[in-house]
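Listing of start.txt, compact mmCIF, C-alpha atoms
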```txt
# COMPACT_ATOMS: atom_id res chain seq x y z
CA MET M 153 -11.26 56.04 -5.78
CA THR M 154 -13.92 55.32 -3.16
CA LYS M 155 -13.50 55.37 0.62
CA ARG M 156 -14.70 51.77 0.65
CA LEU M 157 -11.85 50.70 -1.67
CA ILE M 158 -9.30 52.60 0.40
CA GLY M 159 -10.57 50.94 3.58
CA GLU M 160 -10.55 47.51 1.95
CA VAL M 161 -6.93 47.90 0.83
CA ILE M 162 -5.76 49.08 4.26
CA ILE M 163 -7.56 46.21 6.01
CA LYS M 164 -6.08 43.64 3.63
CA LEU M 165 -2.58 44.96 4.33
CA ILE M 166 -3.15 44.34 8.05
CA ASP M 167 -3.31 40.62 7.21
CA VAL M 168 0.37 40.60 6.19
CA SER M 169 -0.61 40.43 2.53
CA THR M 170 1.92 41.50 -0.08
CA TYR M 171 1.19 44.52 -2.25
CA LYS M 172 0.94 42.16 -5.21
CA SER M 173 -1.70 39.94 -3.61
CA VAL M 174 -3.79 42.96 -2.58
CA THR M 175 -3.47 44.29 -6.13
CA GLU M 176 -4.89 41.06 -7.51
CA GLU M 177 -7.73 40.86 -4.98
CA ALA M 178 -8.78 44.49 -5.34
CA ASP M 179 -8.19 44.54 -9.11
CA ILE M 180 -6.13 47.73 -9.02
CA SER M 181 -2.49 48.49 -9.78
CA THR M 182 0.36 48.00 -7.33
CA THR M 183 1.11 51.72 -7.60
CA ILE M 184 -2.37 52.61 -6.35
CA VAL M 185 -2.10 50.13 -3.46
CA GLN M 186 1.22 51.66 -2.45
CA ARG M 187 -0.14 55.19 -2.82
CA ILE M 188 -3.07 54.34 -0.54
CA PHE M 189 -0.77 52.85 2.08
CA ASP M 190 1.59 55.82 1.92
CA ASN M 191 -1.25 57.91 3.35
CA VAL M 192 -1.30 55.74 6.48
CA ASP M 193 0.74 57.55 9.12
CA TYR M 194 1.91 55.99 12.37
CA PRO M 195 3.39 58.50 14.83
CA HIS M 196 6.69 57.91 16.62
CA ILE M 197 6.78 57.00 20.29
CA SER M 198 5.11 59.68 22.40
CA GLU M 199 6.19 58.26 25.76
CA MET M 200 9.02 55.93 26.67
CA PRO M 201 7.79 52.63 28.14
CA GLU M 202 8.93 51.05 31.39
CA VAL M 203 10.39 48.15 29.39
CA LEU M 204 12.03 48.89 26.02
CA ALA M 205 13.14 46.05 23.76
CA ILE M 206 15.13 46.41 20.54
CA ASP M 207 15.95 43.85 17.89
CA GLU M 208 16.83 43.83 14.21
CA PHE M 209 15.36 42.01 11.24
CA LYS M 210 16.37 41.67 7.61
CA GLY M 211 14.16 44.09 5.78
CA ASN M 212 16.23 45.53 2.91
CA ALA M 213 14.36 48.86 3.06
CA SER M 214 16.04 52.04 1.83
CA GLY M 215 19.06 50.03 0.78
CA GLU M 216 19.85 48.87 4.33
CA LYS M 217 20.24 45.18 5.13
CA TYR M 218 18.84 45.45 8.66
CA GLN M 219 16.07 47.48 10.23
CA CYS M 220 15.27 47.77 13.95
CA ILE M 221 12.03 47.00 15.71
CA LEU M 222 11.25 48.70 19.02
CA THR M 223 8.71 47.02 21.28
CA ASP M 224 7.14 47.33 24.69
CA PRO M 225 7.17 43.68 25.87
CA LYS M 226 5.31 44.45 29.07
CA ASN M 227 2.24 45.68 27.18
CA ARG M 228 2.96 43.67 24.00
CA ILE M 229 3.06 46.71 21.75
CA VAL M 230 5.17 47.45 18.68
CA LEU M 231 6.44 50.98 19.21
CA ASP M 232 8.36 51.81 16.06
CA ILE M 233 10.45 50.53 13.15
CA LEU M 234 13.79 52.23 12.51
CA PRO M 235 15.50 52.24 9.10
CA THR M 236 18.93 51.11 10.36
CA ARG M 237 20.61 49.56 13.39
CA PHE M 238 23.68 51.83 13.23
CA GLU M 239 24.70 53.23 16.59
CA ASN M 240 24.79 56.85 15.39
CA ASP M 241 21.28 56.56 13.98
CA LEU M 242 19.99 55.01 17.20
CA ASN M 243 21.58 57.78 19.25
CA SER M 244 20.02 60.43 17.02
CA TYR M 245 16.60 58.81 17.29
CA PHE M 246 16.53 58.50 21.08
CA LYS M 247 18.15 61.88 21.70
CA LYS M 248 14.94 63.42 20.38
CA TYR M 249 13.44 62.49 23.74
CA GLU M 250 14.20 64.48 26.88
CA ASN M 251 16.28 62.92 29.66
CA GLU M 252 13.19 62.83 31.86
CA GLN M 253 11.34 60.76 29.24
CA ARG M 254 14.24 58.35 28.82
CA ARG M 255 14.40 57.88 32.58
CA ASN M 256 10.98 56.21 32.34
CA VAL M 257 12.74 53.15 30.88
CA ARG M 258 13.58 50.82 33.77
CA PHE M 259 14.52 47.76 31.68
CA PHE M 260 16.34 47.71 28.34
CA VAL M 261 16.21 44.38 26.46
CA SER M 262 18.32 43.53 23.41
CA ASP M 263 20.37 40.84 21.74
CA MET M 264 24.16 40.50 22.10
CA TRP M 265 25.05 43.30 19.69
CA LYS M 266 27.36 45.71 21.52
CA PRO M 267 26.20 48.96 19.83
CA TYR M 268 22.78 48.45 21.45
CA PHE M 269 24.32 48.24 24.92
CA ARG M 270 26.68 51.15 24.30
CA MET M 271 23.74 53.27 23.22
CA ALA M 272 21.75 52.13 26.27
CA ASP M 273 24.65 52.92 28.63
CA ASN M 274 24.78 56.40 27.15
CA LEU M 275 21.08 57.25 26.91
CA PHE M 276 19.34 54.85 29.32
CA SER M 277 21.95 54.75 32.07
CA GLY M 278 19.36 54.21 34.79
CA ALA M 279 17.82 51.15 33.13
CA THR M 280 18.70 47.55 33.92
CA LYS M 281 20.31 46.06 30.79
CA ILE M 282 18.96 42.63 29.86
CA VAL M 283 20.21 40.22 27.21
CA ASP M 284 17.27 38.46 25.57
CA LYS M 285 17.39 34.82 26.73
CA TYR M 286 16.86 33.54 23.21
CA HIS M 287 20.16 35.03 22.09
CA TRP M 288 22.43 33.80 24.86
CA ILE M 289 20.87 30.35 25.16
CA ARG M 290 21.50 29.69 21.48
CA GLN M 291 25.22 30.36 22.02
CA VAL M 292 25.37 27.08 23.96
CA ILE M 293 23.23 25.24 21.40
CA TRP M 294 25.50 26.49 18.60
CA ALA M 295 28.58 25.30 20.51
CA PHE M 296 27.05 21.86 20.97
CA GLU M 297 26.05 21.67 17.30
CA ARG M 298 29.56 22.55 16.14
CA VAL M 299 31.02 19.77 18.30
CA ARG M 300 28.42 17.31 17.00
CA LYS M 301 29.06 18.15 13.36
CA MET M 302 32.82 17.88 13.77
CA ALA M 303 32.56 14.52 15.55
CA GLN M 304 30.19 13.15 12.92
CA GLN M 305 32.84 13.54 10.24
CA SER M 306 34.73 10.55 11.68
CA LEU M 307 31.66 8.29 11.55
CA ASP M 308 30.57 6.09 8.67
CA ASP M 309 27.80 7.23 6.33
CA SER M 310 24.99 5.34 8.06
CA MET M 311 25.86 6.72 11.50
CA ARG M 312 26.27 10.27 10.15
CA LYS M 313 22.78 10.10 8.71
CA TYR M 314 21.44 8.66 11.97
CA PHE M 315 23.02 11.46 14.01
CA LYS M 316 21.67 14.08 11.64
CA ARG M 317 18.13 12.68 11.83
CA SER M 318 18.32 12.41 15.61
CA ARG M 319 20.01 15.75 16.35
CA SER M 320 16.88 17.12 18.05
CA LEU M 321 17.11 14.37 20.67
CA LEU M 322 20.66 15.40 21.50
CA ILE M 323 19.64 19.05 21.90
CA LYS M 324 16.57 18.49 24.09
CA PRO M 325 16.98 18.29 27.88
CA PHE M 326 17.71 14.64 28.64
CA ASN M 327 15.13 14.45 31.46
CA SER M 328 12.37 15.52 29.06
CA LEU M 329 12.88 12.45 26.84
CA ASN M 330 11.00 9.18 27.08
CA ASP M 331 12.87 5.94 27.78
CA ALA M 332 13.25 5.00 24.10
CA ASP M 333 14.68 8.41 23.21
CA LYS M 334 17.02 8.33 26.21
CA GLN M 335 18.34 4.99 25.02
CA ALA M 336 18.88 6.41 21.52
CA VAL M 337 20.82 9.36 22.97
CA ASN M 338 22.98 7.08 25.11
CA ILE M 339 23.84 5.01 22.04
CA MET M 340 24.87 8.15 20.11
CA LEU M 341 26.95 9.44 23.02
CA SER M 342 28.84 6.15 23.13
CA TYR M 343 30.24 6.84 19.65
CA SER M 344 32.08 10.04 20.56
CA ALA M 345 33.79 11.25 23.72
CA ASN M 346 33.58 14.84 22.46
CA ILE M 347 29.84 14.64 21.91
CA MET M 348 29.45 13.06 25.35
CA ASP M 349 31.42 15.89 26.97
CA ALA M 350 29.48 18.51 24.99
CA HIS M 351 26.19 16.87 25.96
CA CYS M 352 27.21 16.92 29.62
CA LEU M 353 28.02 20.64 29.40
CA LYS M 354 24.74 21.32 27.64
CA GLU M 355 22.79 19.44 30.35
CA LYS M 356 24.54 21.34 33.15
CA PHE M 357 23.65 24.55 31.34
CA PHE M 358 19.97 23.56 31.11
CA THR M 359 20.00 22.87 34.85
CA ALA M 360 21.21 26.42 35.45
CA LEU M 361 18.48 27.71 33.13
CA ARG M 362 15.79 26.20 35.32
CA SER M 363 17.04 28.11 38.36
CA ASN M 364 15.88 31.42 39.75
CA ALA M 365 17.92 34.63 39.64
CA GLU M 366 19.70 34.01 42.95
CA GLN M 367 20.62 30.43 42.05
CA ALA M 368 21.66 31.39 38.52
CA GLU M 369 24.08 33.99 39.86
CA ALA M 370 25.97 31.13 41.51
CA MET M 371 25.40 28.36 38.95
CA LEU M 372 26.23 30.23 35.75
CA PRO M 373 29.74 31.32 36.83
CA GLU M 374 30.39 27.71 37.83
CA TRP M 375 29.21 26.51 34.40
CA ILE M 376 31.31 29.15 32.64
CA HIS M 377 34.39 28.03 34.60
CA ILE M 378 33.81 24.35 33.68
CA ALA M 379 33.34 25.27 30.02
CA GLU M 380 36.44 27.50 30.04
CA ILE M 381 38.71 24.63 31.13
CA SER M 382 37.08 21.98 28.93
CA LEU M 383 38.92 20.40 26.00
CA LEU M 384 36.25 21.67 23.61
CA GLU M 385 37.28 24.94 21.96
CA ASP M 386 33.70 25.70 20.89
CA PHE M 387 32.57 25.65 24.51
CA ARG M 388 35.59 27.64 25.67
CA TYR M 389 34.64 30.33 23.14
CA CYS M 390 31.00 30.14 24.28
CA ALA M 391 32.08 30.54 27.91
CA ARG M 392 34.09 33.65 27.07
CA THR M 393 31.07 35.12 25.28
CA LEU M 394 28.70 34.49 28.19
CA LYS M 395 31.27 35.83 30.64
CA SER M 396 31.53 39.11 28.75
CA TRP M 397 27.72 39.49 28.81
CA PHE M 398 27.22 38.12 32.33
CA ASP M 399 25.45 41.12 33.91
CA GLY M 400 22.86 41.33 31.13
CA ILE M 401 22.33 37.56 31.21
CA ILE M 402 21.75 37.46 34.98
CA SER M 403 19.28 40.34 34.66
CA SER M 404 17.20 38.22 32.28
CA PHE M 405 16.46 35.80 35.16
CA ALA M 406 15.13 38.59 37.37
CA TYR M 407 12.88 40.11 34.71
CA GLY M 408 9.85 38.00 33.73
CA TYR M 409 9.21 37.71 30.00
CA ARG M 410 5.71 36.28 30.37
CA ASN M 411 4.44 35.54 26.86
CA PHE M 412 6.62 38.11 25.09
CA ARG M 413 8.79 35.49 23.38
CA ARG M 414 5.80 34.16 21.47
CA PHE M 415 4.73 37.72 20.64
CA ARG M 416 8.24 38.64 19.53
CA ASN M 417 8.70 35.51 17.44
CA ARG M 418 5.40 36.16 15.67
CA ILE M 419 6.46 39.68 14.67
CA LEU M 420 9.93 38.64 13.52
CA HIS M 421 8.48 35.65 11.68
CA ILE M 422 6.19 37.96 9.72
CA PHE M 423 8.94 40.42 8.85
CA SER M 424 11.48 37.71 7.96
CA HIS M 425 9.21 36.34 5.25
CA GLN M 426 8.66 39.53 3.33
CA LYS M 427 10.79 42.38 2.03
CA LEU M 428 9.90 45.76 3.42
CA SER M 429 10.47 47.40 0.08
CA ALA M 430 8.41 48.92 -2.69
CA ASP M 431 8.41 45.71 -4.73
CA SER M 432 7.12 43.52 -1.90
```
Could you express the structure from this file as structure tokens?
Amino acid sequence: MTKRLIGEVIIKLIDVSTYKSVTEEADISTTIVQRIFDNVDYPHISEMPEVLAIDEFKGNASGEKYQCILTDPKNRIVLDILPTRFENDLNSYFKKYENEQRRNVRFFVSDMWKPYFRMADNLFSGATKIVDKYHWIRQVIWAFERVRKMAQQSLDDSMRKYFKRSRSLLIKPFNSLNDADKQAVNIMLSYSANIMDAHCLKEKFFTALRSNAEQAEAMLPEWIHIAEISLLEDFRYCARTLKSWFDGIISSFAYGYRNFRRFRNRILHIFSHQKLSADS
């Protein structure tokens, strides 16, 4: 096996190619491709970053449904991939680093999975805990969608199909729509009081989203209170969820994400479309 072939295989695997596709292009067996790649060794984190982000993806490696990805969003670097998202495993991994190293982490970013925050409270107690905006914003979108779907069931077939086709208009901020789309939304809202109420709550939420950290600290509790006393159970549940994660949500306004969301989505998009297993 030549060094040129080894280099070619490794380069092709950088392009998110499957083992099978590299096998076909290089005209060698899948076993050889895997054996070459097994010689590639990426070290674990040597230093803890100022900003540490953790998220999971469906990888199905080593028999586990979820794996974890650790990133440094400030410098846009993937730090490591962990085989599980179990709290004990995360604790064991990060305990390998001295307290002084862990104190380097000033911001800890994750989704709304409590084991992440418990681990961070234990091992990164000095860091500001931040809930990734993507995860808490979609709680409101999910609540709105559940109300919409329930209300649609009482409509005739033609209107149900119209609502389904036009759902993106209902989700978008109303002020971002053109006049024709605004008219279409107003027509849809006239068919259901529940959808109208849900749309109003969603719009108030988007207004809070556009605020800065100081404004959000006043506006979000107000929105949570309005949602808590609404007649819509889906929004009452959403309000309770946001209330329980309030500190981490408010911290997300103070910490700038820059272009990390695009970076993060790209990584997760890649991993979500392939199995990180030997038969990939």
*asked:* One number please: CA of Glu250 in chain M to CA of Glu199 in chain M, in Å, one decimal.
replied: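 One can read the CA of Glu250 in chain M to CA of Glu199 in chain M distance as 10.2 Å.
Minimum atom-to-atom distances from M:Ser403, M:Asn251, M:Ser396, M:Asn338 to Trp265 in chain M were compared using only C-alpha atoms, and the lowest value belongs to M:Ser396.
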*Pairwise distance for CA of Ala365 in chain M and CA of Leu222 in chain M, rounded to one decimal in Å*: 25.8 Å
*Which is closest to His287 in chain M among M:Trp397, M:Met348, M:Lys334, M:Leu384, if we use only C-alpha atoms?*
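The closest residue to His287 in chain M is M:Trp397.
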*asked:* Taking 6 positions as the minimum chain separation for residues in the same chain, which residues sit within 9 Å of Met200 in chain M when counting all atoms listed in the file? Answer as a PyMOL selection string.
replied: chain M and resi 249+253-257
*asked:* Report, in Å with one decimal, the straight-line distance from CA of Ser181 in chain M to CA of Gln219 in chain M.
replied: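 Spanning CA of Ser181 in chain M to CA of Gln219 in chain M is a straight-line distance of 27.3 Å.
You can rank M:Asn346, M:Glu355, M:Asn240, M:Lys172 by their closest distance to Val185 in chain M using all atoms listed in the file, and at the top of that list sits M:Lys172.
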*Residues within 8 Å of Asp232 in chain M, only C-alpha atoms, excluding chain neighbours under 3 positions, as an MDAnalysis selection string*: chainID M and resid 196:197 221:223
Quick one: write out the picked residues with C-alpha atoms as a CSV table (one decimal), in the coordinates of the input?
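Final output, saved to part_23.csv:
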```csv
chain,number,residue,atom,x,y,z
M,196,HIS,CA,6.7,57.9,16.6
M,197,ILE,CA,6.8,57.0,20.3
M,221,ILE,CA,12.0,47.0,15.7
M,222,LEU,CA,11.2,48.7,19.0
M,223,THR,CA,8.7,47.0,21.3
```
Within 8 Å of (28.6, 21.1, 27.0), all atoms listed in the file: residues as a short mmCIF file (atom, residue, chain, number, x, y, z; two decimals) with C-alpha atoms, in the coordinates of the input?
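point05.cif was written with the following content:
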```
data_model
loop_
_atom_site.label_atom_id
_atom_site.label_comp_id
_atom_site.auth_asym_id
_atom_site.auth_seq_id
_atom_site.Cartn_x
_atom_site.Cartn_y
_atom_site.Cartn_z
CA VAL M 292 25.37 27.08 23.96
CA ALA M 295 28.58 25.30 20.51
CA PHE M 296 27.05 21.86 20.97
CA ASP M 349 31.42 15.89 26.97
CA ALA M 350 29.48 18.51 24.99
CA HIS M 351 26.19 16.87 25.96
CA CYS M 352 27.21 16.92 29.62
CA LEU M 353 28.02 20.64 29.40
CA LYS M 354 24.74 21.32 27.64
CA GLU M 355 22.79 19.44 30.35
CA LYS M 356 24.54 21.34 33.15
CA PHE M 357 23.65 24.55 31.34
CA ALA M 379 33.34 25.27 30.02
CA PHE M 387 32.57 25.65 24.51
#
```
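Ranking M:Ser363, M:Asn330, M:Ser320, M:Gln291 by their shortest atom-to-atom distance to Cys390 in chain M, with only C-alpha atoms included, puts M:Gln291 first.
Neighbours of range 301-309 of chain M closer than or equal to 9 Å, with all atoms listed in the file counted and sequence neighbours fewer than 5 positions away skipped, come out as Phe296, Tyr314, Phe315, Lys316, Tyr343, Ser344, Ala345, Asn346 and Ile347 of chain M.
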*Closest of M:Asn274, M:Ser318, M:Thr280, M:Gln367 to Met340 in chain M - atom-to-atom distances counting all atoms listed in the file*: M:Ser318
_Pick from M:Asn243, M:Ile293, M:Ile402, M:Asp179, whichever lies nearest to Glu366 in chain M using all atoms listed in the file_ =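 Distance minimum relative to Glu366 in chain M lands on M:Ile402.
Near Ala368 in chain M, within 10 Å and counting only C-alpha atoms, sit M:Thr359, M:Ala360, M:Leu361, M:Arg362, M:Glu374, M:Trp375, M:Ile401, M:Ile402, M:Phe405, M:Ala406; same-chain residues fewer than 6 positions away were not included.
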Should you be able to, write range 309-382 of chain M of this structure into a file that contains C-alpha atoms, as a PDB file, in the first residue's frame.
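Writing done, so here's result28.pdb:
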```pdb
ATOM      1  CA  ASP M 309     -60.500  19.520   3.697  1.00  0.00           C
ATOM      2  CA  SER M 310     -59.746  22.466   1.415  1.00  0.00           C
ATOM      3  CA  MET M 311     -58.951  24.803   4.320  1.00  0.00           C
ATOM      4  CA  ARG M 312     -56.833  22.164   6.080  1.00  0.00           C
ATOM      5  CA  LYS M 313     -54.732  21.805   2.954  1.00  0.00           C
ATOM      6  CA  TYR M 314     -54.482  25.590   2.617  1.00  0.00           C
ATOM      7  CA  PHE M 315     -53.315  25.961   6.222  1.00  0.00           C
ATOM      8  CA  LYS M 316     -50.768  23.192   5.787  1.00  0.00           C
ATOM      9  CA  ARG M 317     -49.340  24.772   2.628  1.00  0.00           C
ATOM     10  CA  SER M 318     -49.231  28.201   4.254  1.00  0.00           C
ATOM     11  CA  ARG M 319     -47.889  27.186   7.676  1.00  0.00           C
ATOM     12  CA  SER M 320     -44.570  28.957   7.066  1.00  0.00           C
ATOM     13  CA  LEU M 321     -46.416  32.282   6.764  1.00  0.00           C
ATOM     14  CA  LEU M 322     -47.998  31.751  10.163  1.00  0.00           C
ATOM     15  CA  ILE M 323     -44.627  30.987  11.760  1.00  0.00           C
ATOM     16  CA  LYS M 324     -42.685  33.912  10.281  1.00  0.00           C
ATOM     17  CA  PRO M 325     -42.674  37.274  12.101  1.00  0.00           C
ATOM     18  CA  PHE M 326     -45.717  39.143  10.803  1.00  0.00           C
ATOM     19  CA  ASN M 327     -43.766  42.364  10.160  1.00  0.00           C
ATOM     20  CA  SER M 328     -41.382  40.511   7.840  1.00  0.00           C
ATOM     21  CA  LEU M 329     -44.198  39.552   5.437  1.00  0.00           C
ATOM     22  CA  ASN M 330     -45.243  41.463   2.343  1.00  0.00           C
ATOM     23  CA  ASP M 331     -48.776  42.851   2.045  1.00  0.00           C
ATOM     24  CA  ALA M 332     -50.139  39.827   0.158  1.00  0.00           C
ATOM     25  CA  ASP M 333     -48.755  37.393   2.732  1.00  0.00           C
ATOM     26  CA  LYS M 334     -50.072  39.515   5.605  1.00  0.00           C
ATOM     27  CA  GLN M 335     -53.519  39.388   4.048  1.00  0.00           C
ATOM     28  CA  ALA M 336     -53.259  35.593   3.717  1.00  0.00           C
ATOM     29  CA  VAL M 337     -52.291  35.301   7.400  1.00  0.00           C
ATOM     30  CA  ASN M 338     -55.171  37.534   8.490  1.00  0.00           C
ATOM     31  CA  ILE M 339     -57.600  35.354   6.538  1.00  0.00           C
ATOM     32  CA  MET M 340     -56.262  32.203   8.225  1.00  0.00           C
ATOM     33  CA  LEU M 341     -56.423  33.795  11.674  1.00  0.00           C
ATOM     34  CA  SER M 342     -60.078  34.664  11.109  1.00  0.00           C
ATOM     35  CA  TYR M 343     -60.933  30.950  10.948  1.00  0.00           C
ATOM     36  CA  SER M 344     -59.778  30.097  14.478  1.00  0.00           C
ATOM     37  CA  ALA M 345     -59.713  32.045  17.734  1.00  0.00           C
ATOM     38  CA  ASN M 346     -57.125  29.618  19.127  1.00  0.00           C
ATOM     39  CA  ILE M 347     -54.773  30.132  16.201  1.00  0.00           C
ATOM     40  CA  MET M 348     -55.259  33.888  16.510  1.00  0.00           C
ATOM     41  CA  ASP M 349     -54.377  33.783  20.218  1.00  0.00           C
ATOM     42  CA  ALA M 350     -51.389  31.509  19.550  1.00  0.00           C
ATOM     43  CA  HIS M 351     -50.212  33.808  16.757  1.00  0.00           C
ATOM     44  CA  CYS M 352     -50.450  36.803  19.083  1.00  0.00           C
ATOM     45  CA  LEU M 353     -48.350  35.005  21.707  1.00  0.00           C
ATOM     46  CA  LYS M 354     -45.822  33.990  19.077  1.00  0.00           C
ATOM     47  CA  GLU M 355     -45.529  37.598  17.833  1.00  0.00           C
ATOM     48  CA  LYS M 356     -45.038  38.953  21.360  1.00  0.00           C
ATOM     49  CA  PHE M 357     -42.321  36.351  21.827  1.00  0.00           C
ATOM     50  CA  PHE M 358     -40.542  37.423  18.624  1.00  0.00           C
ATOM     51  CA  THR M 359     -40.639  41.016  19.875  1.00  0.00           C
ATOM     52  CA  ALA M 360     -38.838  39.921  23.032  1.00  0.00           C
ATOM     53  CA  LEU M 361     -36.306  38.037  20.903  1.00  0.00           C
ATOM     54  CA  ARG M 362     -35.304  41.222  19.131  1.00  0.00           C
ATOM     55  CA  SER M 363     -34.430  42.907  22.421  1.00  0.00           C
ATOM     56  CA  ASN M 364     -31.093  43.192  24.157  1.00  0.00           C
ATOM     57  CA  ALA M 365     -30.185  41.384  27.381  1.00  0.00           C
ATOM     58  CA  GLU M 366     -31.473  44.127  29.685  1.00  0.00           C
ATOM     59  CA  GLN M 367     -34.790  44.443  27.834  1.00  0.00           C
ATOM     60  CA  ALA M 368     -35.209  40.672  27.576  1.00  0.00           C
ATOM     61  CA  GLU M 369     -34.836  40.294  31.329  1.00  0.00           C
ATOM     62  CA  ALA M 370     -38.008  42.372  31.687  1.00  0.00           C
ATOM     63  CA  MET M 371     -39.901  41.276  28.563  1.00  0.00           C
ATOM     64  CA  LEU M 372     -39.490  37.504  28.827  1.00  0.00           C
ATOM     65  CA  PRO M 373     -40.980  37.188  32.337  1.00  0.00           C
ATOM     66  CA  GLU M 374     -43.910  39.279  31.120  1.00  0.00           C
ATOM     67  CA  TRP M 375     -44.363  36.964  28.123  1.00  0.00           C
ATOM     68  CA  ILE M 376     -44.094  33.878  30.337  1.00  0.00           C
ATOM     69  CA  HIS M 377     -46.784  35.283  32.644  1.00  0.00           C
ATOM     70  CA  ILE M 378     -49.146  35.996  29.714  1.00  0.00           C
ATOM     71  CA  ALA M 379     -48.577  32.494  28.325  1.00  0.00           C
ATOM     72  CA  GLU M 380     -49.086  30.908  31.757  1.00  0.00           C
ATOM     73  CA  ILE M 381     -52.583  32.399  32.121  1.00  0.00           C
ATOM     74  CA  SER M 382     -53.636  31.833  28.500  1.00  0.00           C
TER      75      SER M 382
END
```
